[in-house]
file start-v9.pdb (PDB, C-alpha atoms)
ATOM      1  CA  MET L  14      69.882  75.853  75.435
ATOM      2  CA  THR L  15      68.359  77.555  78.530
ATOM      3  CA  GLU L  16      70.151  78.655  81.674
ATOM      4  CA  ASN L  17      67.919  76.403  83.818
ATOM      5  CA  SER L  18      68.834  73.343  81.769
ATOM      6  CA  LEU L  19      72.537  73.808  82.411
ATOM      7  CA  ASP L  20      71.935  74.593  86.092
ATOM      8  CA  THR L  21      69.894  71.416  86.410
ATOM      9  CA  ALA L  22      72.605  69.419  84.654
ATOM     10  CA  GLY L  23      75.264  70.828  86.958
ATOM     11  CA  ARG L  24      73.247  70.039  90.079
ATOM     12  CA  GLN L  25      72.533  66.542  88.781
ATOM     13  CA  ALA L  26      76.257  65.961  88.235
ATOM     14  CA  ALA L  27      76.994  67.041  91.800
ATOM     15  CA  ALA L  28      74.264  64.723  93.083
ATOM     16  CA  ASP L  29      75.635  61.822  91.040
ATOM     17  CA  GLN L  30      79.124  62.386  92.418
ATOM     18  CA  ALA L  31      77.783  62.489  95.979
ATOM     19  CA  SER L  32      75.807  59.275  95.385
ATOM     20  CA  GLY L  33      78.918  57.576  94.026
ATOM     21  CA  ALA L  34      80.923  58.637  97.058
ATOM     22  CA  ARG L  35      78.266  57.288  99.416
ATOM     23  CA  ALA L  36      78.143  53.998  97.516
ATOM     24  CA  ALA L  37      81.920  53.645  97.699
ATOM     25  CA  ALA L  38      81.905  54.397 101.421
ATOM     26  CA  ALA L  39      79.187  51.786 101.981
ATOM     27  CA  GLY L  40      81.535  49.039 100.789
ATOM     28  CA  PRO L  41      81.090  46.113  98.418
ATOM     29  CA  GLY L  42      78.895  44.242 100.818
ATOM     30  CA  SER L  43      76.100  46.729 100.413
ATOM     31  CA  GLY L  44      75.980  46.633  96.608
ATOM     32  CA  GLY L  45      73.420  44.991  94.374
ATOM     33  CA  ALA L  46      69.658  44.989  94.370
ATOM     34  CA  ASP L  47      69.416  43.636  97.923
ATOM     35  CA  GLY L  48      71.538  46.432  99.290
ATOM     36  CA  LEU L  49      69.531  49.029  97.380
ATOM     37  CA  ASP L  50      66.247  47.564  98.605
ATOM     38  CA  ALA L  51      67.533  47.508 102.182
ATOM     39  CA  ARG L  52      68.671  51.105 102.037
ATOM     40  CA  ALA L  53      65.434  52.179 100.378
ATOM     41  CA  SER L  54      63.322  50.410 103.010
ATOM     42  CA  SER L  55      65.301  51.954 105.874
ATOM     43  CA  THR L  56      65.277  55.479 104.469
ATOM     44  CA  VAL L  57      62.389  57.788 105.174
ATOM     45  CA  VAL L  58      62.165  60.818 102.949
ATOM     46  CA  THR L  59      60.492  63.718 104.677
ATOM     47  CA  THR L  60      59.109  66.672 102.827
ATOM     48  CA  PRO L  61      58.727  69.955 104.673
ATOM     49  CA  PRO L  62      55.179  71.258 105.010
ATOM     50  CA  GLY L  63      54.148  73.068 101.866
ATOM     51  CA  GLY L  64      56.989  71.504  99.842
ATOM     52  CA  GLY L  65      60.123  73.326  98.758
ATOM     53  CA  ARG L  66      63.365  73.535 100.655
ATOM     54  CA  PRO L  67      63.623  72.593 104.328
ATOM     55  CA  PRO L  68      63.495  75.552 106.728
ATOM     56  CA  ARG L  69      66.752  77.267 107.575
ATOM     57  CA  PRO L  70      68.132  76.846 111.102
ATOM     58  CA  THR L  71      67.134  79.516 113.576
ATOM     59  CA  LEU L  72      69.528  82.134 114.912
ATOM     60  CA  GLY L  73      69.769  80.326 118.230
ATOM     61  CA  ARG L  74      70.626  77.062 116.499
ATOM     62  CA  ARG L  75      73.327  78.787 114.485
ATOM     63  CA  ALA L  76      74.765  80.296 117.666
ATOM     64  CA  VAL L  77      74.887  76.861 119.314
ATOM     65  CA  THR L  78      76.591  75.369 116.264
ATOM     66  CA  PHE L  79      79.117  78.220 116.188
ATOM     67  CA  ALA L  80      79.893  77.824 119.895
ATOM     68  CA  ASP L  81      80.279  74.069 119.457
ATOM     69  CA  SER L  82      82.871  74.632 116.725
ATOM     70  CA  LEU L  83      84.865  77.074 118.868
ATOM     71  CA  TRP L  84      85.215  75.459 122.278
ATOM     72  CA  ARG L  85      87.806  72.874 121.194
ATOM     73  CA  PRO L  86      90.328  75.332 119.669
ATOM     74  CA  ALA L  87      89.611  77.710 122.558
ATOM     75  CA  LEU L  88      90.503  74.934 125.001
ATOM     76  CA  VAL L  89      93.739  74.185 123.135
ATOM     77  CA  LEU L  90      94.683  77.883 123.150
ATOM     78  CA  ALA L  91      93.900  78.139 126.862
ATOM     79  CA  VAL L  92      96.189  75.185 127.615
ATOM     80  CA  PHE L  93      98.918  76.681 125.422
ATOM     81  CA  PHE L  94      98.758  80.094 127.116
ATOM     82  CA  ALA L  95      98.682  78.490 130.566
ATOM     83  CA  ALA L  96     101.834  76.499 129.770
ATOM     84  CA  TRP L  97     103.467  79.607 128.307
ATOM     85  CA  TRP L  98     102.622  81.661 131.407
ATOM     86  CA  PHE L  99     103.861  78.912 133.743
ATOM     87  CA  VAL L 100     107.221  78.530 131.963
ATOM     88  CA  ALA L 101     107.790  82.285 131.683
ATOM     89  CA  ALA L 102     106.624  83.152 135.208
ATOM     90  CA  ARG L 103     108.840  80.508 136.803
ATOM     91  CA  GLU L 104     111.688  81.687 134.526
ATOM     92  CA  TYR L 105     112.562  78.199 133.372
ATOM     93  CA  VAL L 106     113.613  80.151 130.285
ATOM     94  CA  PRO L 107     115.019  83.685 130.731
ATOM     95  CA  ASN L 108     112.475  86.444 130.114
ATOM     96  CA  TYR L 109     114.645  88.079 127.485
ATOM     97  CA  LEU L 110     114.071  84.918 125.428
ATOM     98  CA  VAL L 111     110.486  84.021 126.395
ATOM     99  CA  PRO L 112     108.476  86.896 127.937
ATOM    100  CA  THR L 113     105.348  86.405 129.989
ATOM    101  CA  PRO L 114     101.940  86.909 128.354
ATOM    102  CA  GLY L 115     101.541  89.986 130.552
ATOM    103  CA  GLN L 116     104.699  91.552 129.151
ATOM    104  CA  VAL L 117     103.542  90.884 125.607
ATOM    105  CA  TRP L 118     100.138  92.406 126.357
ATOM    106  CA  GLU L 119     101.741  95.465 127.905
ATOM    107  CA  THR L 120     103.929  95.931 124.820
ATOM    108  CA  MET L 121     100.918  95.628 122.523
ATOM    109  CA  THR L 122      98.908  98.199 124.486
ATOM    110  CA  THR L 123     101.692 100.742 124.985
ATOM    111  CA  GLN L 124     102.891 100.546 121.363
ATOM    112  CA  TRP L 125      99.550  99.870 119.754
ATOM    113  CA  SER L 126      99.417 102.909 117.495
ATOM    114  CA  GLU L 127     102.800 102.081 115.978
ATOM    115  CA  LEU L 128     102.022  98.358 115.704
ATOM    116  CA  ALA L 129      98.652  99.099 114.093
ATOM    117  CA  ARG L 130     100.336 101.248 111.448
ATOM    118  CA  HIS L 131     102.799  98.495 110.569
ATOM    119  CA  THR L 132     100.008  95.899 110.616
ATOM    120  CA  LEU L 133      97.983  97.887 108.074
ATOM    121  CA  VAL L 134     101.011  98.056 105.775
ATOM    122  CA  THR L 135     101.525  94.292 105.883
ATOM    123  CA  LEU L 136      97.788  93.697 105.523
ATOM    124  CA  TYR L 137      97.645  95.895 102.419
ATOM    125  CA  GLU L 138     100.605  94.088 100.838
ATOM    126  CA  THR L 139      99.082  90.704 101.660
ATOM    127  CA  VAL L 140      95.585  91.413 100.371
ATOM    128  CA  LEU L 141      96.790  93.034  97.153
ATOM    129  CA  GLY L 142      99.280  90.215  96.535
ATOM    130  CA  PHE L 143      96.632  87.578  97.212
ATOM    131  CA  VAL L 144      94.057  89.183  94.901
ATOM    132  CA  LEU L 145      96.600  89.457  92.086
ATOM    133  CA  ALA L 146      97.777  85.878  92.655
ATOM    134  CA  ALA L 147      94.180  84.610  92.594
ATOM    135  CA  ALA L 148      93.362  86.442  89.359
ATOM    136  CA  LEU L 149      96.593  85.493  87.578
ATOM    137  CA  GLY L 150      96.483  81.943  88.909
ATOM    138  CA  LEU L 151      92.911  81.374  87.738
ATOM    139  CA  ALA L 152      93.670  82.814  84.293
ATOM    140  CA  THR L 153      96.735  80.574  84.003
ATOM    141  CA  ALA L 154      94.756  77.536  85.160
ATOM    142  CA  VAL L 155      92.078  78.184  82.540
ATOM    143  CA  ALA L 156      94.720  78.564  79.822
ATOM    144  CA  ILE L 157      96.437  75.324  80.848
ATOM    145  CA  ALA L 158      93.186  73.375  81.148
ATOM    146  CA  TYR L 159      91.794  74.522  77.804
ATOM    147  CA  SER L 160      94.931  74.409  75.633
ATOM    148  CA  ARG L 161      97.309  71.479  75.343
ATOM    149  CA  THR L 162      99.907  73.769  73.766
ATOM    150  CA  LEU L 163      99.781  76.206  76.685
ATOM    151  CA  ASP L 164      99.820  73.253  79.064
ATOM    152  CA  LYS L 165     103.118  72.057  77.581
ATOM    153  CA  ALA L 166     104.524  75.598  77.518
ATOM    154  CA  LEU L 167     103.367  77.105  80.830
ATOM    155  CA  TYR L 168     103.254  74.218  83.288
ATOM    156  CA  PRO L 169     107.050  73.613  83.404
ATOM    157  CA  ILE L 170     107.656  77.352  83.781
ATOM    158  CA  VAL L 171     105.170  77.595  86.651
ATOM    159  CA  LEU L 172     106.845  74.649  88.379
ATOM    160  CA  PHE L 173     110.306  76.111  87.797
ATOM    161  CA  ALA L 174     109.242  79.450  89.268
ATOM    162  CA  GLN L 175     107.810  77.717  92.332
ATOM    163  CA  VAL L 176     110.919  75.720  93.250
ATOM    164  CA  ILE L 177     113.129  78.838  93.285
ATOM    165  CA  PRO L 178     113.501  79.993  96.921
ATOM    166  CA  LYS L 179     111.705  83.334  97.097
ATOM    167  CA  ILE L 180     114.101  84.670  99.728
ATOM    168  CA  ALA L 181     116.866  84.264  97.134
ATOM    169  CA  ILE L 182     115.204  86.553  94.600
ATOM    170  CA  ALA L 183     113.951  89.104  97.151
ATOM    171  CA  PRO L 184     117.185  91.177  97.035
ATOM    172  CA  LEU L 185     116.990  91.229  93.246
ATOM    173  CA  LEU L 186     113.441  92.568  93.407
ATOM    174  CA  VAL L 187     114.565  95.287  95.791
ATOM    175  CA  VAL L 188     117.317  96.283  93.352
ATOM    176  CA  TRP L 189     114.841  96.369  90.469
ATOM    177  CA  PHE L 190     111.861  98.042  92.158
ATOM    178  CA  GLY L 191     113.325  99.861  95.164
ATOM    179  CA  LEU L 192     112.305  99.775  98.828
ATOM    180  CA  GLY L 193     108.621 100.579  98.309
ATOM    181  CA  LEU L 194     105.608  98.268  98.379
ATOM    182  CA  THR L 195     106.159  96.790  94.913
ATOM    183  CA  PRO L 196     108.779  94.116  95.829
ATOM    184  CA  LYS L 197     106.661  92.922  98.763
ATOM    185  CA  ILE L 198     103.531  92.626  96.643
ATOM    186  CA  ILE L 199     105.438  90.778  93.902
ATOM    187  CA  LEU L 200     106.804  88.298  96.437
ATOM    188  CA  ALA L 201     103.332  87.739  97.867
ATOM    189  CA  VAL L 202     102.062  87.060  94.334
ATOM    190  CA  LEU L 203     104.909  84.673  93.537
ATOM    191  CA  ILE L 204     104.398  82.628  96.694
ATOM    192  CA  ALA L 205     100.585  82.521  96.534
ATOM    193  CA  PHE L 206     100.373  81.949  92.771
ATOM    194  CA  PHE L 207     101.284  78.258  92.606
ATOM    195  CA  PRO L 208      98.520  76.775  94.834
ATOM    196  CA  VAL L 209      95.869  78.671  92.862
ATOM    197  CA  VAL L 210      97.162  77.329  89.545
ATOM    198  CA  ILE L 211      97.437  73.721  90.714
ATOM    199  CA  SER L 212      94.012  73.649  92.375
ATOM    200  CA  GLY L 213      92.399  75.462  89.444
ATOM    201  CA  VAL L 214      93.806  73.041  86.873
ATOM    202  CA  ALA L 215      92.772  70.046  88.979
ATOM    203  CA  GLY L 216      89.256  71.414  89.360
ATOM    204  CA  LEU L 217      88.754  72.331  85.714
ATOM    205  CA  ARG L 218      89.997  68.922  84.572
ATOM    206  CA  SER L 219      87.757  67.029  86.999
ATOM    207  CA  THR L 220      84.546  67.861  85.129
ATOM    208  CA  ASP L 221      82.659  64.770  83.968
ATOM    209  CA  PRO L 222      83.266  64.392  80.176
ATOM    210  CA  GLU L 223      79.747  63.056  79.711
ATOM    211  CA  LEU L 224      78.356  66.253  81.193
ATOM    212  CA  LEU L 225      80.458  68.303  78.761
ATOM    213  CA  ASP L 226      79.184  66.167  75.860
ATOM    214  CA  LEU L 227      75.624  66.719  77.066
ATOM    215  CA  ALA L 228      76.157  70.485  77.175
ATOM    216  CA  ALA L 229      77.617  70.465  73.664
ATOM    217  CA  THR L 230      74.707  68.353  72.403
ATOM    218  CA  MET L 231      72.260  70.859  73.861
ATOM    219  CA  GLY L 232      74.006  73.691  72.034
ATOM    220  CA  ALA L 233      75.935  75.350  74.848
ATOM    221  CA  GLY L 234      78.962  77.333  73.733
ATOM    222  CA  PRO L 235      82.386  77.261  75.422
ATOM    223  CA  TRP L 236      81.702  80.330  77.586
ATOM    224  CA  ARG L 237      78.330  79.113  78.838
ATOM    225  CA  THR L 238      79.746  75.651  79.493
ATOM    226  CA  PHE L 239      82.579  77.188  81.487
ATOM    227  CA  ARG L 240      80.251  79.457  83.466
ATOM    228  CA  LYS L 241      77.584  76.871  84.186
ATOM    229  CA  ILE L 242      79.503  73.590  84.405
ATOM    230  CA  ARG L 243      83.295  73.783  84.444
ATOM    231  CA  PHE L 244      83.764  76.674  86.858
ATOM    232  CA  PRO L 245      81.163  75.562  89.456
ATOM    233  CA  ASN L 246      82.618  72.053  89.317
ATOM    234  CA  ALA L 247      86.124  73.461  89.885
ATOM    235  CA  LEU L 248      85.138  75.693  92.826
ATOM    236  CA  PRO L 249      85.778  73.115  95.610
ATOM    237  CA  HIS L 250      89.333  72.555  94.361
ATOM    238  CA  LEU L 251      89.862  76.257  93.722
ATOM    239  CA  MET L 252      88.680  77.326  97.173
ATOM    240  CA  ALA L 253      91.052  74.828  98.768
ATOM    241  CA  GLY L 254      93.919  76.375  96.803
ATOM    242  CA  LEU L 255      92.824  79.894  97.753
ATOM    243  CA  LYS L 256      92.846  79.003 101.456
ATOM    244  CA  VAL L 257      96.444  77.847 101.115
ATOM    245  CA  ALA L 258      97.366  80.866  99.006
ATOM    246  CA  VAL L 259      95.984  83.472 101.405
ATOM    247  CA  THR L 260      98.206  82.230 104.232
ATOM    248  CA  LEU L 261     101.237  82.053 101.949
ATOM    249  CA  ALA L 262     100.609  85.636 100.836
ATOM    250  CA  VAL L 263     101.335  86.761 104.405
ATOM    251  CA  VAL L 264     104.639  84.918 104.255
ATOM    252  CA  GLY L 265     105.527  86.584 100.959
ATOM    253  CA  ALA L 266     104.806  90.078 102.255
ATOM    254  CA  VAL L 267     106.848  89.527 105.418
ATOM    255  CA  VAL L 268     109.779  88.004 103.497
ATOM    256  CA  GLY L 269     109.829  91.086 101.305
ATOM    257  CA  GLU L 270     109.926  93.292 104.398
ATOM    258  CA  PHE L 271     112.854  91.301 105.766
ATOM    259  CA  VAL L 272     115.027  92.198 102.787
ATOM    260  CA  GLY L 273     114.393  95.899 102.520
ATOM    261  CA  ALA L 274     111.666  97.960 104.185
ATOM    262  CA  SER L 275     111.105 100.845 106.550
ATOM    263  CA  GLU L 276     107.640  99.747 107.694
ATOM    264  CA  GLY L 277     105.566  96.615 108.098
ATOM    265  CA  LEU L 278     105.524  93.751 110.585
ATOM    266  CA  GLY L 279     108.582  92.137 108.995
ATOM    267  CA  TYR L 280     110.531  95.340 109.582
ATOM    268  CA  VAL L 281     109.335  95.435 113.219
ATOM    269  CA  LEU L 282     110.393  91.796 113.631
ATOM    270  CA  LEU L 283     113.935  92.625 112.511
ATOM    271  CA  LEU L 284     114.091  95.568 114.928
ATOM    272  CA  ALA L 285     112.831  93.478 117.835
ATOM    273  CA  ASN L 286     115.289  90.703 117.057
ATOM    274  CA  GLY L 287     118.211  93.125 116.817
ATOM    275  CA  ASN L 288     117.313  94.777 120.139
ATOM    276  CA  LEU L 289     116.554  91.446 121.899
ATOM    277  CA  ASP L 290     113.076  92.793 122.631
ATOM    278  CA  SER L 291     111.305  89.478 122.988
ATOM    279  CA  ALA L 292     108.012  91.022 124.106
ATOM    280  CA  LEU L 293     107.807  93.117 120.943
ATOM    281  CA  LEU L 294     108.860  90.097 118.873
ATOM    282  CA  PHE L 295     106.071  87.946 120.310
ATOM    283  CA  ALA L 296     103.529  90.741 119.860
ATOM    284  CA  ASP L 297     104.618  91.077 116.241
ATOM    285  CA  LEU L 298     104.269  87.332 115.651
ATOM    286  CA  ILE L 299     100.767  87.369 117.147
ATOM    287  CA  LEU L 300      99.713  90.164 114.797
ATOM    288  CA  MET L 301     101.137  88.288 111.790
ATOM    289  CA  SER L 302      99.187  85.202 112.792
ATOM    290  CA  ALA L 303      96.044  87.282 113.282
ATOM    291  CA  ILE L 304      96.288  88.608 109.721
ATOM    292  CA  GLY L 305      96.573  85.093 108.307
ATOM    293  CA  ILE L 306      93.720  83.745 110.454
ATOM    294  CA  VAL L 307      91.335  86.582 109.590
ATOM    295  CA  LEU L 308      92.008  86.280 105.860
ATOM    296  CA  PHE L 309      91.647  82.490 106.021
ATOM    297  CA  VAL L 310      88.275  82.853 107.763
ATOM    298  CA  LEU L 311      87.115  85.316 105.103
ATOM    299  CA  VAL L 312      87.971  82.798 102.378
ATOM    300  CA  GLU L 313      86.123  80.123 104.376
ATOM    301  CA  ILE L 314      83.041  82.371 104.493
ATOM    302  CA  ALA L 315      83.285  82.942 100.746
ATOM    303  CA  GLU L 316      83.525  79.175 100.238
ATOM    304  CA  ALA L 317      80.408  78.592 102.353
ATOM    305  CA  LEU L 318      78.500  81.148 100.272
ATOM    306  CA  LEU L 319      79.709  79.895  96.888
ATOM    307  CA  ILE L 320      79.501  76.120  97.338
ATOM    308  CA  PRO L 321      77.005  75.354 100.123
ATOM    309  CA  TRP L 322      76.005  72.233  98.140
ATOM    310  CA  HIS L 323      79.426  70.574  98.431
ATOM    311  CA  ALA L 324      79.863  67.628 100.784
ATOM    312  CA  SER L 325      82.601  69.389 102.764
ATOM    313  CA  ARG L 326      80.168  72.216 103.644
ATOM    314  CA  ARG L 327      77.300  70.024 104.856
ATOM    315  CA  ALA L 328      77.042  69.528 108.594
ATOM    316  CA  GLY L 329      77.238  65.995 109.889
ATOM    317  CA  VAL L 330      79.163  64.556 106.951
ATOM    318  CA  SER L 331      81.823  62.153 108.149
ATOM    319  CA  LEU L 332      85.194  62.445 106.441
ATOM    320  CA  THR L 333      86.388  59.042 107.659
ATOM    321  CA  THR L 334      85.330  55.475 106.996
ATOM    322  CA  SER L 335      85.423  54.417 110.611
TER     323      SER L 335
END

call {"tool": "encode", "arguments": {"input": "start-v9.pdb", "output": "structure tokens"}}
result
Amino acid sequence: MTENSLDTAGRQAAADQASGARAAAAGPGSGGADGLDARASSTVVTTPPGGGRPPRPTLGRRAVTFADSLWRPALVLAVFFAAWWFVAAREYVPNYLVPTPGQVWETMTTQWSELARHTLVTLYETVLGFVLAAALGLATAVAIAYSRTLDKALYPIVLFAQVIPKIAIAPLLVVWFGLGLTPKIILAVLIAFFPVVISGVAGLRSTDPELLDLAATMGAGPWRTFRKIRFPNALPHLMAGLKVAVTLAVVGAVVGEFVGASEGLGYVLLLANGNLDSALLFADLILMSAIGIVLFVLVEIAEALLIPWHASRRAGVSLTTS
């Protein structure tokens, strides 16, 4: 069985799923031969000059699309900061509880070298914990999806480990592994592990059985079937789980720093809270949020590169039925 045959089969399966979704969204009134004829008569298929794929959007078009996707959240943030400045400047709430944006900015600029050092520590713990959670979670998902025995054995343990409050086992990890980076990384792995497993299992089990039978009939082995059919089909689910996991990894690293640490943004947060330094506390929270947002955007970029064919990545696709 050739590589192109499996690639073609995988693309055909994705096209069939998209066609089914469009038919379901069209409603029962559009079914039947009449509906198909009407849609066919009203649809004009255009082929780009010379054949092949349609031309990619220009750089200017991409810039316009990017700006169009940013102005709404930018407007929301502007309103939020204006309300924050108004409340703090009028001192409706004391400044030792809610500082002004100017005070927070001054704290960030005057203490930037120290804050940057702690930010790099938390970033390192988060990234390493997320990478380990992604690798272990995908391996566990594959084991559960491919083996009924491992499904019965591992799935309850994974669920049991998830429902345990991680803040409750953080002191135990500090006792076992000391005050270094290891407890923080382990907590980041434990918190980010579950979404990867659940999304991976859901994706691997969502492959069309007829497509798997076709691959087996054409002589594809388990590894080639996984690489060409199962894994690409599972990527949309898996990327959704990874986007959840990367934000939770930040939480895990910070929780570990709460319990026992001498550096990191969680450690700075405890110091600011103990000293009632609200400006430093707000600056620390902004940096934590920035880490999560940047990592989330990186996973989004990876998703756009890996599954540009998926409906969620195509511009102009409505996600509602209205």

call {"tool": "atom_distance", "arguments": {"input": "start-v9.pdb", "atom1": "atom CA of Gly279 of chain L", "atom2": "atom CA of Ala296 of chain L"}}
result
12.1 Å

call {"tool": "resolve_selection", "arguments": {"input": "start-v9.pdb", "expression": "the PyMOL selection byres ((chain L and resi 142) around 8)", "output": "list in words"}}
result
Glu138, Thr139, Val140, Leu141, Phe143, Val144, Leu145, Ala146, Ile198, Ile199, Leu200, Ala201, Val202, Ala205, Ala262 and Ala266 of chain L

call {"tool": "atom_distance", "arguments": {"input": "start-v9.pdb", "atom1": "atom CA of Leu248 of chain L", "atom2": "atom CA of His323 of chain L"}}
result
9.5 Å

call {"tool": "residues_around", "arguments": {"input": "start-v9.pdb", "residues": "Gly150 of chain L", "least_positions_apart": "4", "cutoff": "6 Å", "atoms": "only C-alpha atoms", "output": "JSON list (two decimals) with C-alpha atoms, in the frame of the given file"}}
result
[["chain", "number", "residue", "atom", "x", "y", "z"],
["L", 146, "ALA", "CA", 97.78, 85.88, 92.66],
["L", 206, "PHE", "CA", 100.37, 81.95, 92.77],
["L", 209, "VAL", "CA", 95.87, 78.67, 92.86],
["L", 210, "VAL", "CA", 97.16, 77.33, 89.54]]

call {"tool": "closest_residue", "arguments": {"input": "start-v9.pdb", "among": "L:Arg103, L:Lys179, L:Arg218, L:Arg237", "to": "Ala156 of chain L", "atoms": "only C-alpha atoms"}}
result
L:Arg218

call {"tool": "resolve_selection", "arguments": {"input": "start-v9.pdb", "expression": "the PyMOL selection byres ((chain L and resi 280) around 12)", "output": "number ranges by chain"}}
result
L: 128, 130-132, 134-135, 192, 197, 266-279, 281-287, 293-294, 297-298, 301

call {"tool": "residues_around", "arguments": {"input": "start-v9.pdb", "residues": "Trp98 of chain L", "least_positions_apart": "6", "cutoff": "9 Å", "atoms": "only C-alpha atoms", "output": "VMD selection string"}}
result
chain L and resid 112 to 115

call {"tool": "write_last_selection", "arguments": {"input": "start-v9.pdb", "atoms": "C-alpha atoms", "output": "PDB file, keeping the file's coordinate frame"}}
result
ATOM      1  CA  PRO L 112     108.476  86.896 127.937  1.00  0.00           C
ATOM      2  CA  THR L 113     105.348  86.405 129.989  1.00  0.00           C
ATOM      3  CA  PRO L 114     101.940  86.909 128.354  1.00  0.00           C
ATOM      4  CA  GLY L 115     101.541  89.986 130.552  1.00  0.00           C
TER       5      GLY L 115
END

call {"tool": "resolve_selection", "arguments": {"input": "start-v9.pdb", "expression": "the PyMOL selection byres ((chain L and resi 309-320) around 9)", "output": "list of chain:residue names"}}
result
L:Pro245, L:Leu248, L:Pro249, L:Met252, L:Ala253, L:Leu255, L:Lys256, L:Val257, L:Val259, L:Thr260, L:Ile304, L:Gly305, L:Ile306, L:Val307, L:Leu308, L:Pro321, L:Trp322, L:His323, L:Arg326

call {"tool": "closest_residue", "arguments": {"input": "start-v9.pdb", "among": "L:Ala303, L:Leu227, L:Leu217, L:Ile204", "to": "Tyr159 of chain L", "atoms": "only C-alpha atoms"}}
result
L:Leu217

call {"tool": "closest_residue", "arguments": {"input": "start-v9.pdb", "among": "L:Val263, L:Leu151, L:Ile180, L:Ala87", "to": "Ile211 of chain L", "atoms": "all atoms listed in the file"}}
result
L:Leu151

call {"tool": "atom_distance", "arguments": {"input": "start-v9.pdb", "atom1": "atom CA of Tyr168 of chain L", "atom2": "atom CA of Gly265 of chain L"}}
result
21.7 Å

call {"tool": "closest_residue", "arguments": {"input": "start-v9.pdb", "among": "L:Asn108, L:Thr153, L:Gln175, L:Thr120", "to": "Ile299 of chain L", "atoms": "only C-alpha atoms"}}
result
L:Thr120

call {"tool": "closest_residue", "arguments": {"input": "start-v9.pdb", "among": "L:Ala174, L:Ala95, L:Leu203, L:Ile242", "to": "Pro222 of chain L", "atoms": "all atoms listed in the file"}}
result
L:Ile242
